[in-house]
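Colleague: One structure coming up, written as structure tokens, with questions to follow.
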Amino acid sequence: MDTQNTSVRAHAQSRSDGKNHPSRRARKATHCGGVIHDNSRHTSRFTVIGNHLAQHAELSLLAIGLAVHIQSLPGGAQVDIGTLTGRFPEGKTRIAGALRELEAHGYLRRTRMRTDGGRIVTRTVSCNQPGRSSATEAPKPRPRRSADEQARRRALPAVPRPAYPAPDLLRTALGVLSGLRREDPRLLLSATDAEHLVPGVAAWLERDLTPEAVQRALTTGLPPEPLHRPAALLAHRLAALLPPLPPFRAPEAPAAVRHPLQNCDTCDRAFRGPEPGTCGPCASGP
């Protein structure tokens with residue numbers, strides 16, 4: 001009865017005896033190989049690159065890096081072989097081969113074109129997703145504005161008109177406009193703009209305002225950003241801030257004339273008169 005049956009399979013040992021196999025999580029924690037990413041989100045100056053390029057199975061490392069560099073450049077940047085050779089230590093042969101790789105896999109398209117001057121240039125198009133870009137299509141020309149549309153676009157707001165456009169008044173108004181650029185260099189006006197604005201300044205001067213007061217009204221509180229159309233801003237101010245006409249004042253009576261003192265030729269008394277002679281009593285007689 002003490003003999004053991006050797007044909008019986010040994011019982012499975014309990015996992016609590018300290019000989020358990022480590023779990024997958026434990027094996028992963030103890031595994032030291034492979035890359036560990038320490039990433040942070042970019043908020044400026046970054047380029048989105050697809051994994052189809054970064055992990056391309058057929059492109060060389062130089063071709064992948066060159067494609068990433070080209071996609072990070074702004075439009076119009078030079079990407080010819082000479083420029084790239086001056087930027088990177090690889091020679092012309094290796095860079096030219098990498099460009100051919102990108103061209104073969106659709107990440108680059110190069111076509112030769114003739115300019116208006118007759119020169120032959122290479123037009124390079126970089127594709128971040130080969131086969132899905134429409135950059136090869138020629139840009140559609142913008143419709144040209146008609147002369148009437150251009151005139152409406154350039155037209156300045158209307159300005160007030162003086163009641164009596166005297167030449168001296170208009171010359172003073174032109175002097176006010178010419179001096180604005182000394183207060184703010186952004187208020188440099190063309191001759192055409194000044195001709196349009198002169199009547200508006202003259203209307204202000206007609207309202208008993210000094211040239212200095214008109215200049216302050218036009219230059220005070222200007223916006224800090226660049227002025228793309230300073231004449232339009234001045235025209236708006238001349239119309240929107242136009243002060244009212246001064247109240248009517250009747251002309252003052254001329255002051256009484258005081259003649260100098262004279263000595264009467266008859267009685268030697270002092271009297272006022274325009275010329276020497278006799279005083280009033282002596283002139284009227286006894």
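Labels used: A, B, ... for chains in the order of the structure tokens, numbers from 1 for residues in each chain, and numbers from 1 for ligands as shown.
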Could you write out, as number ranges by chain, all the residues of range 73-124 of chain A that DSSP marks as strand (DSSP E or B)?
Modeller: A: 108-114, 120-124
Colleague: Write a file of the just-selected residues containing C-alpha atoms, as a compact mmCIF listing (two decimals), in the first residue's frame.
Modeller:
```
# COMPACT_ATOMS: atom_id res chain seq x y z
CA LEU A 108 8.59 65.22 -55.35
CA ARG A 109 7.60 66.40 -58.82
CA ARG A 110 10.01 68.32 -60.99
CA THR A 111 9.11 69.84 -64.34
CA ARG A 112 11.09 72.13 -66.62
CA MET A 113 9.39 75.35 -67.69
CA ARG A 114 10.23 78.31 -69.88
CA ILE A 120 14.48 77.35 -68.71
CA VAL A 121 13.82 76.76 -64.99
CA THR A 122 12.88 73.71 -62.91
CA ARG A 123 9.57 73.85 -61.09
CA THR A 124 9.62 71.67 -57.95
```
Colleague: As a compact mmCIF listing (two decimals) with N, CA and C atoms, in the first residue's frame, please: the residues near His236 in chain A (cut-off 8 Å, only C-alpha atoms, same-chain neighbours under 2 positions excluded).
Modeller:
```txt
# COMPACT_ATOMS: atom_id res chain seq x y z
N PRO A 157 -13.52 108.72 -48.79
CA PRO A 157 -14.79 109.27 -48.29
C PRO A 157 -14.90 110.76 -48.59
N ALA A 158 -16.14 111.21 -48.74
CA ALA A 158 -16.38 112.63 -49.03
C ALA A 158 -15.98 113.48 -47.83
N VAL A 159 -15.57 114.70 -48.09
CA VAL A 159 -15.16 115.64 -47.04
C VAL A 159 -16.05 116.87 -47.11
N ALA A 232 -7.83 108.03 -46.18
CA ALA A 232 -9.21 107.64 -45.87
C ALA A 232 -9.53 107.91 -44.41
N LEU A 233 -8.57 107.67 -43.51
CA LEU A 233 -8.78 107.96 -42.10
C LEU A 233 -8.97 109.46 -41.87
N LEU A 234 -8.15 110.29 -42.52
CA LEU A 234 -8.28 111.74 -42.36
C LEU A 234 -9.61 112.24 -42.93
N LEU A 238 -12.39 114.29 -40.84
CA LEU A 238 -12.85 115.62 -41.26
C LEU A 238 -14.37 115.68 -41.36
N ALA A 239 -14.98 114.59 -41.78
CA ALA A 239 -16.44 114.58 -41.92
C ALA A 239 -17.14 114.28 -40.60
N ALA A 240 -16.62 113.31 -39.83
CA ALA A 240 -17.31 112.87 -38.61
C ALA A 240 -17.12 113.84 -37.45
```
Colleague: To one decimal place in Å, what is the distance between CA of Glu252 in chain A and CA of Pro165 in chain A?
Modeller: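 It comes out at 24.9 Å.
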Colleague: Considering only C-alpha atoms, return as a ChimeraX atom specification whatever protein or nucleic-acid residues lie within 12 Å of Val125 in chain A, sequence-local ones (same chain, fewer than 2 positions apart) excluded.
Modeller: /A:67,70-71,73,75-80,99,102-103,106-112,122-123,127-130,133-138
Colleague: Skipping near chain neighbours, those fewer than 6 positions away, what residues fall within 10 Å of Leu241 in chain A using only C-alpha atoms, listed as JSON, numbers by chain?
Modeller: {"A": [204, 217, 218]}
Colleague: Could you write those residues out with N, CA and C atoms, as a compact mmCIF listing (two decimals), in the first residue's frame?
Modeller:
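As written to disk, selection.txt reads:
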```txt
# COMPACT_ATOMS: atom_id res chain seq x y z
N TRP A 204 -13.04 123.37 -41.87
CA TRP A 204 -12.74 123.49 -40.43
C TRP A 204 -12.20 124.88 -40.11
N ALA A 217 -6.66 117.91 -33.97
CA ALA A 217 -7.86 117.08 -34.13
C ALA A 217 -7.61 115.91 -35.09
N LEU A 218 -6.74 116.10 -36.07
CA LEU A 218 -6.49 115.05 -37.06
C LEU A 218 -5.43 114.06 -36.61
```
Colleague: For the structure I just gave you, how does DSSP split range 105-270 of chain A - specifically, which residues are helix (DSSP H, G or I)? Reply as a PyMOL selection string.
Modeller: chain A and resi 147-154+167-178+180-183+185-187+191-205+211-219+230-240
Colleague: Between A:His42, A:Pro226, A:Phe271, A:Val201, which residue has the minimum interatomic distance to Pro243 in chain A, considering only C-alpha atoms?
Modeller: A:Val201
Colleague: So that I can see what lies close to Ile81 in chain A, please list as a count of residues only the residues with an atom at most 7 Å from it, counting only C-alpha atoms and leaving out residues fewer than 3 positions away in the same chain.
Modeller: 5
Colleague: What's the 12 Å shell around Leu62 in chain A, counting only C-alpha atoms, without same-chain residues fewer than 5 positions away, as a PDB file with N, CA, C and O atoms, in the first residue's frame?
Modeller:
```
ATOM      1  N   LEU A  53       5.818  58.409 -44.781  1.00  0.00           N
ATOM      2  CA  LEU A  53       7.120  58.914 -45.192  1.00  0.00           C
ATOM      3  C   LEU A  53       8.193  58.567 -44.162  1.00  0.00           C
ATOM      4  O   LEU A  53       9.256  58.042 -44.510  1.00  0.00           O
ATOM      5  N   ALA A  54       7.910  58.834 -42.893  1.00  0.00           N
ATOM      6  CA  ALA A  54       8.929  58.617 -41.863  1.00  0.00           C
ATOM      7  C   ALA A  54       9.316  57.143 -41.735  1.00  0.00           C
ATOM      8  O   ALA A  54      10.443  56.828 -41.345  1.00  0.00           O
ATOM      9  N   HIS A  56       8.917  54.824 -44.324  1.00  0.00           N
ATOM     10  CA  HIS A  56       8.841  54.247 -45.672  1.00  0.00           C
ATOM     11  C   HIS A  56       9.828  53.089 -45.792  1.00  0.00           C
ATOM     12  O   HIS A  56      10.990  53.189 -45.388  1.00  0.00           O
ATOM     13  N   ALA A  67      13.251  64.740 -47.561  1.00  0.00           N
ATOM     14  CA  ALA A  67      11.835  65.043 -47.754  1.00  0.00           C
ATOM     15  C   ALA A  67      11.273  65.817 -46.564  1.00  0.00           C
ATOM     16  O   ALA A  67      10.488  66.766 -46.728  1.00  0.00           O
ATOM     17  N   VAL A  68      11.669  65.423 -45.340  1.00  0.00           N
ATOM     18  CA  VAL A  68      11.216  66.151 -44.148  1.00  0.00           C
ATOM     19  C   VAL A  68      11.711  67.590 -44.184  1.00  0.00           C
ATOM     20  O   VAL A  68      10.970  68.533 -43.884  1.00  0.00           O
ATOM     21  N   HIS A  69      12.961  67.789 -44.581  1.00  0.00           N
ATOM     22  CA  HIS A  69      13.511  69.146 -44.651  1.00  0.00           C
ATOM     23  C   HIS A  69      12.754  69.988 -45.684  1.00  0.00           C
ATOM     24  O   HIS A  69      12.400  71.146 -45.414  1.00  0.00           O
ATOM     25  N   PHE A  88      23.773  70.923 -46.541  1.00  0.00           N
ATOM     26  CA  PHE A  88      24.069  69.659 -45.880  1.00  0.00           C
ATOM     27  C   PHE A  88      25.451  69.152 -46.298  1.00  0.00           C
ATOM     28  O   PHE A  88      25.945  69.488 -47.380  1.00  0.00           O
ATOM     29  N   PRO A  89      26.073  68.318 -45.450  1.00  0.00           N
ATOM     30  CA  PRO A  89      27.430  67.847 -45.776  1.00  0.00           C
ATOM     31  C   PRO A  89      27.468  66.802 -46.877  1.00  0.00           C
ATOM     32  O   PRO A  89      28.532  66.532 -47.437  1.00  0.00           O
ATOM     33  N   GLU A  90      26.326  66.160 -47.203  1.00  0.00           N
ATOM     34  CA  GLU A  90      26.329  65.172 -48.277  1.00  0.00           C
ATOM     35  C   GLU A  90      26.655  65.846 -49.608  1.00  0.00           C
ATOM     36  O   GLU A  90      26.276  67.003 -49.842  1.00  0.00           O
ATOM     37  N   GLY A  91      27.315  65.146 -50.475  1.00  0.00           N
ATOM     38  CA  GLY A  91      27.713  65.709 -51.753  1.00  0.00           C
ATOM     39  C   GLY A  91      26.573  65.772 -52.748  1.00  0.00           C
ATOM     40  O   GLY A  91      25.451  65.314 -52.500  1.00  0.00           O
ATOM     41  N   THR A  93      26.201  64.161 -55.522  1.00  0.00           N
ATOM     42  CA  THR A  93      25.773  62.866 -56.048  1.00  0.00           C
ATOM     43  C   THR A  93      24.745  62.222 -55.135  1.00  0.00           C
ATOM     44  O   THR A  93      23.707  61.725 -55.595  1.00  0.00           O
ATOM     45  N   ARG A  94      24.997  62.211 -53.832  1.00  0.00           N
ATOM     46  CA  ARG A  94      24.063  61.584 -52.898  1.00  0.00           C
ATOM     47  C   ARG A  94      22.751  62.365 -52.809  1.00  0.00           C
ATOM     48  O   ARG A  94      21.676  61.767 -52.757  1.00  0.00           O
ATOM     49  N   ILE A  95      22.845  63.684 -52.815  1.00  0.00           N
ATOM     50  CA  ILE A  95      21.614  64.482 -52.742  1.00  0.00           C
ATOM     51  C   ILE A  95      20.799  64.327 -54.016  1.00  0.00           C
ATOM     52  O   ILE A  95      19.564  64.203 -53.985  1.00  0.00           O
ATOM     53  N   ALA A  96      21.461  64.305 -55.161  1.00  0.00           N
ATOM     54  CA  ALA A  96      20.729  64.098 -56.416  1.00  0.00           C
ATOM     55  C   ALA A  96      20.054  62.727 -56.420  1.00  0.00           C
ATOM     56  O   ALA A  96      18.915  62.587 -56.885  1.00  0.00           O
ATOM     57  N   GLY A  97      20.727  61.691 -55.904  1.00  0.00           N
ATOM     58  CA  GLY A  97      20.105  60.379 -55.837  1.00  0.00           C
ATOM     59  C   GLY A  97      18.917  60.351 -54.909  1.00  0.00           C
ATOM     60  O   GLY A  97      17.889  59.705 -55.192  1.00  0.00           O
ATOM     61  N   ALA A  98      19.003  61.044 -53.757  1.00  0.00           N
ATOM     62  CA  ALA A  98      17.870  61.099 -52.832  1.00  0.00           C
ATOM     63  C   ALA A  98      16.678  61.818 -53.461  1.00  0.00           C
ATOM     64  O   ALA A  98      15.523  61.412 -53.285  1.00  0.00           O
ATOM     65  N   LEU A  99      16.947  62.876 -54.211  1.00  0.00           N
ATOM     66  CA  LEU A  99      15.855  63.577 -54.896  1.00  0.00           C
ATOM     67  C   LEU A  99      15.188  62.677 -55.935  1.00  0.00           C
ATOM     68  O   LEU A  99      13.963  62.703 -56.102  1.00  0.00           O
ATOM     69  N   ARG A 100      15.983  61.862 -56.627  1.00  0.00           N
ATOM     70  CA  ARG A 100      15.390  60.932 -57.592  1.00  0.00           C
ATOM     71  C   ARG A 100      14.533  59.889 -56.877  1.00  0.00           C
ATOM     72  O   ARG A 100      13.490  59.470 -57.393  1.00  0.00           O
ATOM     73  N   GLU A 101      14.964  59.433 -55.691  1.00  0.00           N
ATOM     74  CA  GLU A 101      14.140  58.500 -54.920  1.00  0.00           C
ATOM     75  C   GLU A 101      12.786  59.128 -54.577  1.00  0.00           C
ATOM     76  O   GLU A 101      11.729  58.495 -54.757  1.00  0.00           O
ATOM     77  N   LEU A 102      12.817  60.338 -54.078  1.00  0.00           N
ATOM     78  CA  LEU A 102      11.558  61.007 -53.712  1.00  0.00           C
ATOM     79  C   LEU A 102      10.682  61.224 -54.934  1.00  0.00           C
ATOM     80  O   LEU A 102       9.452  61.111 -54.860  1.00  0.00           O
TER      81      LEU A 102
END
```
Colleague: Quick one: of A:Asp208, A:Leu180, A:Ser72, A:Gly280, who's nearest to Val48 in chain A, counting only C-alpha atoms?
Modeller: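 For Val48 in chain A, the nearest of the given residues is A:Ser72.
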Colleague: Expressed in Å to a single decimal, how great is the separation between CA of Ala191 in chain A and CA of Ala203 in chain A?
Modeller: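 Straight-line distance from CA of Ala191 in chain A to CA of Ala203 in chain A works out to 19.1 Å.
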Colleague: Counting only C-alpha atoms, figure out which residue out of A:Glu183, A:Pro199, A:Ala283, A:Arg229 gets nearest to Arg216 in chain A.
Modeller: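 Nearest candidate to Arg216 in chain A out of A:Glu183, A:Pro199, A:Ala283, A:Arg229: A:Glu183.
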Colleague: Given only C-alpha atoms as the basis, pick out the residue of A:Arg171, A:Arg182, A:Arg41, A:Arg237 nearest to Leu205 in chain A.
Modeller: A:Arg171
